[in-house]
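Okay, so here's the structure we're looking at.
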Amino acid sequence: MGIDILGDWGITANELAEIVAENPSMRGLMFGFVAEYKLKKEWLLRPGIANIVRPRSHDRKKKCDFTFDYRGINVRLEVKCLDTPKVKFNEGVYTGTFQCNASDTTEVTLPNGRKVTTNCLVADGFDVLAVCLFAFGKKWRFAFAKNKELPRTTWRGYTPAQQKYLLKSAMNISWPLHPPYVTDLFTVLDRLVSEGVGR
């Protein structure tokens with residue numbers, strides 16, 4: 001039996017839309033969960049993927065949105081969404097940016113064992129990035145890339161040794177896609193398997 005949120009709360013769909021319109025932060029939060037739902041339904045329920053887990057949001061040891069098993073490896077997947085106001089369309093090409101960072105600043109341990117306080121995500125903190133491209137023409141599409149192929153931060157506040165372990169906070173993306181992004185999740189997963197990632 002489904003949950004009737006509108007009925008339980010005594011509001012209409014139009015009233016909910018009005019509430020969301022009056023609270024932009026609520027829209028962003030809701031859309032993030034919708035994007036994760038769409039990704040799971042479209043990609044993670046396919047044959048070959050098993051043992052899907054959503055780590056708890058406060059689990060600092062697993063900073064990703066999903067983990068699952070695929071062909072003998074355990075994969076950590078992170079989902080991000082486009083900054084809708086910054087999306088542009090020109091001569092048949094969509095361009096935009098997305099935030100690929102943590103929601104708050106915290107102390108993290110880098111792969112070299114050193115610690116740094118940052119809101120950047122640590123390289124190798126997850127295996128696959130999925131970017132929701134809905135703002136590119138209002139179609140449910142995703143772009144996928146390996147973590148190791150994502151750009152690193154160049155902010156001068158970090159030392160060169162720290163920069164190589166921290167992902168860039170704001171990343172550019174376009175449609176049609178350019179490397180390292182691809183439209184097929186399994187292309188990325190098979191490459192991870194061949195590299196022995198996540199064993």
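Residue names in the structure tokens use chain letters A, B, ... in the order shown, residue numbers from 1 in each chain, and ligand numbers from 1 in the order shown.
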Helix (DSSP H, G or I) call set, DSSP backbone run, stretch 42-148 of chain A, as a PDB file with N, CA and C atoms, in the first residue's frame:
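What follows is the written file result-v6.pdb:
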```pdb
ATOM      1  N   GLU A  42      16.309   3.362 -12.951  1.00  0.00           N
ATOM      2  CA  GLU A  42      16.739   3.220 -14.336  1.00  0.00           C
ATOM      3  C   GLU A  42      17.974   2.342 -14.488  1.00  0.00           C
ATOM      4  N   TRP A  43      18.917   2.397 -13.535  1.00  0.00           N
ATOM      5  CA  TRP A  43      20.203   1.741 -13.709  1.00  0.00           C
ATOM      6  C   TRP A  43      20.529   0.656 -12.691  1.00  0.00           C
ATOM      7  N   LEU A  44      20.182   0.859 -11.436  1.00  0.00           N
ATOM      8  CA  LEU A  44      20.669  -0.051 -10.399  1.00  0.00           C
ATOM      9  C   LEU A  44      19.809  -1.294 -10.204  1.00  0.00           C
ATOM     10  N   THR A  84      20.968  24.299 -11.771  1.00  0.00           N
ATOM     11  CA  THR A  84      19.989  24.662 -12.801  1.00  0.00           C
ATOM     12  C   THR A  84      20.101  26.103 -13.287  1.00  0.00           C
ATOM     13  N   PRO A  85      20.254  27.111 -12.400  1.00  0.00           N
ATOM     14  CA  PRO A  85      20.324  28.503 -12.887  1.00  0.00           C
ATOM     15  C   PRO A  85      21.513  28.777 -13.805  1.00  0.00           C
ATOM     16  N   LYS A  86      22.532  27.930 -13.775  1.00  0.00           N
ATOM     17  CA  LYS A  86      23.741  28.175 -14.575  1.00  0.00           C
ATOM     18  C   LYS A  86      23.748  27.413 -15.898  1.00  0.00           C
ATOM     19  N   ASN A 147      35.898   8.047 -10.654  1.00  0.00           N
ATOM     20  CA  ASN A 147      36.434   9.032  -9.717  1.00  0.00           C
ATOM     21  C   ASN A 147      37.840   9.449 -10.120  1.00  0.00           C
ATOM     22  N   LYS A 148      38.686   8.490 -10.470  1.00  0.00           N
ATOM     23  CA  LYS A 148      40.094   8.782 -10.732  1.00  0.00           C
ATOM     24  C   LYS A 148      40.290   9.675 -11.952  1.00  0.00           C
TER      25      LYS A 148
END
```
Fewer than 5 positions away in the same chain doesn't count, so skip those; otherwise give me all residues within 12 Å of A:Ser174, counting only C-alpha atoms, as a PDB file with C-alpha atoms, in the first residue's frame.
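Final output, selection-v8.pdb:
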```
ATOM      1  CA  LEU A  82      23.348  20.323 -12.155  1.00  0.00           C
ATOM      2  CA  LYS A  86      23.741  28.175 -14.575  1.00  0.00           C
ATOM      3  CA  VAL A  87      22.583  25.919 -17.418  1.00  0.00           C
ATOM      4  CA  LYS A  88      22.997  27.430 -20.906  1.00  0.00           C
ATOM      5  CA  PHE A  89      21.905  26.265 -24.354  1.00  0.00           C
ATOM      6  CA  ASN A  90      23.697  27.558 -27.417  1.00  0.00           C
ATOM      7  CA  GLY A  92      22.548  22.776 -29.951  1.00  0.00           C
ATOM      8  CA  VAL A  93      24.885  22.344 -26.991  1.00  0.00           C
ATOM      9  CA  TYR A  94      23.950  22.412 -23.303  1.00  0.00           C
ATOM     10  CA  THR A  95      26.584  23.560 -20.818  1.00  0.00           C
ATOM     11  CA  GLY A  96      26.445  23.705 -17.040  1.00  0.00           C
ATOM     12  CA  THR A  97      28.179  23.108 -13.753  1.00  0.00           C
ATOM     13  CA  PHE A  98      27.563  20.981 -10.691  1.00  0.00           C
ATOM     14  CA  VAL A 131      25.563  13.442 -12.716  1.00  0.00           C
ATOM     15  CA  CYS A 132      21.843  14.032 -13.186  1.00  0.00           C
ATOM     16  CA  LEU A 133      21.364  16.000 -16.419  1.00  0.00           C
ATOM     17  CA  ALA A 135      18.222  20.428 -16.437  1.00  0.00           C
ATOM     18  CA  PHE A 136      19.597  19.767 -19.923  1.00  0.00           C
ATOM     19  CA  GLY A 137      16.240  19.763 -21.726  1.00  0.00           C
ATOM     20  CA  PHE A 142      22.729  10.735 -16.392  1.00  0.00           C
ATOM     21  CA  ALA A 143      26.425  11.077 -17.115  1.00  0.00           C
ATOM     22  CA  PRO A 179      35.373  12.559 -21.673  1.00  0.00           C
ATOM     23  CA  PRO A 180      35.568  11.441 -18.972  1.00  0.00           C
ATOM     24  CA  TYR A 181      31.751  11.297 -19.006  1.00  0.00           C
ATOM     25  CA  VAL A 182      29.734   8.576 -20.741  1.00  0.00           C
ATOM     26  CA  THR A 183      26.025   7.789 -20.955  1.00  0.00           C
TER      27      THR A 183
END
```
Can you list, as a ChimeraX atom specification, all residues belonging to stretch 5-190 of chain A that DSSP tags as strand (DSSP E or B)?
/A:49-53,66-70,73-82,88-90,93-99,101-109,115-120,122,128-132,142-146,152,166-167,170-175,182
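Of the listed residues (A:Gln162, A:Thr67, A:Thr12, A:Asn74), A:Asn74 comes nearest to A:Gly196; the distances count only C-alpha atoms.
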Quiz item: atom CA of A:Leu16 to atom CA of A:Leu39: how many Å, to one decimal?
Solution: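 Atom CA of A:Leu39 lies 23.7 Å from atom CA of A:Leu16.
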*Just give me the gap between atom CA of A:Val128 and atom CA of A:Cys64 in Å, one decimal is fine.*
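Rounded to one decimal, the two atoms are 9.3 Å apart.
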### Task
May I ask for the distance between atom CA of A:Gly28 and atom CA of A:Ala145, given in Å to one decimal place?
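Going from atom CA of A:Gly28 over to atom CA of A:Ala145, I get 22.8 Å.
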- Query: Which neighbours of A:Leu110 fall inside 7 Å, counting only C-alpha atoms, when residues of the same chain fewer than 4 positions from it are skipped, and could you give them as number ranges by chain?
  - Reply: A: 114-115, 122, 165
Could you write those residues out with N, CA and C atoms, as an mmCIF file, in the first residue's frame?
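So the final result, stored in again_13.cif, reads:
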```cif
data_model
loop_
_atom_site.group_PDB
_atom_site.id
_atom_site.type_symbol
_atom_site.label_atom_id
_atom_site.label_comp_id
_atom_site.auth_asym_id
_atom_site.auth_seq_id
_atom_site.Cartn_x
_atom_site.Cartn_y
_atom_site.Cartn_z
ATOM 1 N N ARG A 114 47.732 11.957 5.677
ATOM 2 C CA ARG A 114 47.661 13.304 6.241
ATOM 3 C C ARG A 114 46.208 13.744 6.381
ATOM 4 N N LYS A 115 45.953 14.685 7.286
ATOM 5 C CA LYS A 115 44.604 15.193 7.514
ATOM 6 C C LYS A 115 44.501 16.633 7.040
ATOM 7 N N VAL A 122 37.245 13.702 -1.078
ATOM 8 C CA VAL A 122 38.548 13.074 -1.220
ATOM 9 C C VAL A 122 38.551 12.157 -2.437
ATOM 10 N N TYR A 165 44.825 15.003 -4.017
ATOM 11 C CA TYR A 165 43.937 14.063 -3.343
ATOM 12 C C TYR A 165 42.525 14.627 -3.143
#
```
message = Ranking A:Trp140, A:Tyr70, A:Trp155, A:Trp175 by minimum distance to A:Lys41 and counting only C-alpha atoms, which one comes first?
response =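 Nearest to A:Lys41: A:Trp140.
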Checklist entry - Nearest to A:His178 among A:Phe144, A:Trp9, A:Phe126, A:Tyr158, with distances taken over only C-alpha atoms: which residue is it? => result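 Nearest to A:His178: A:Phe144.
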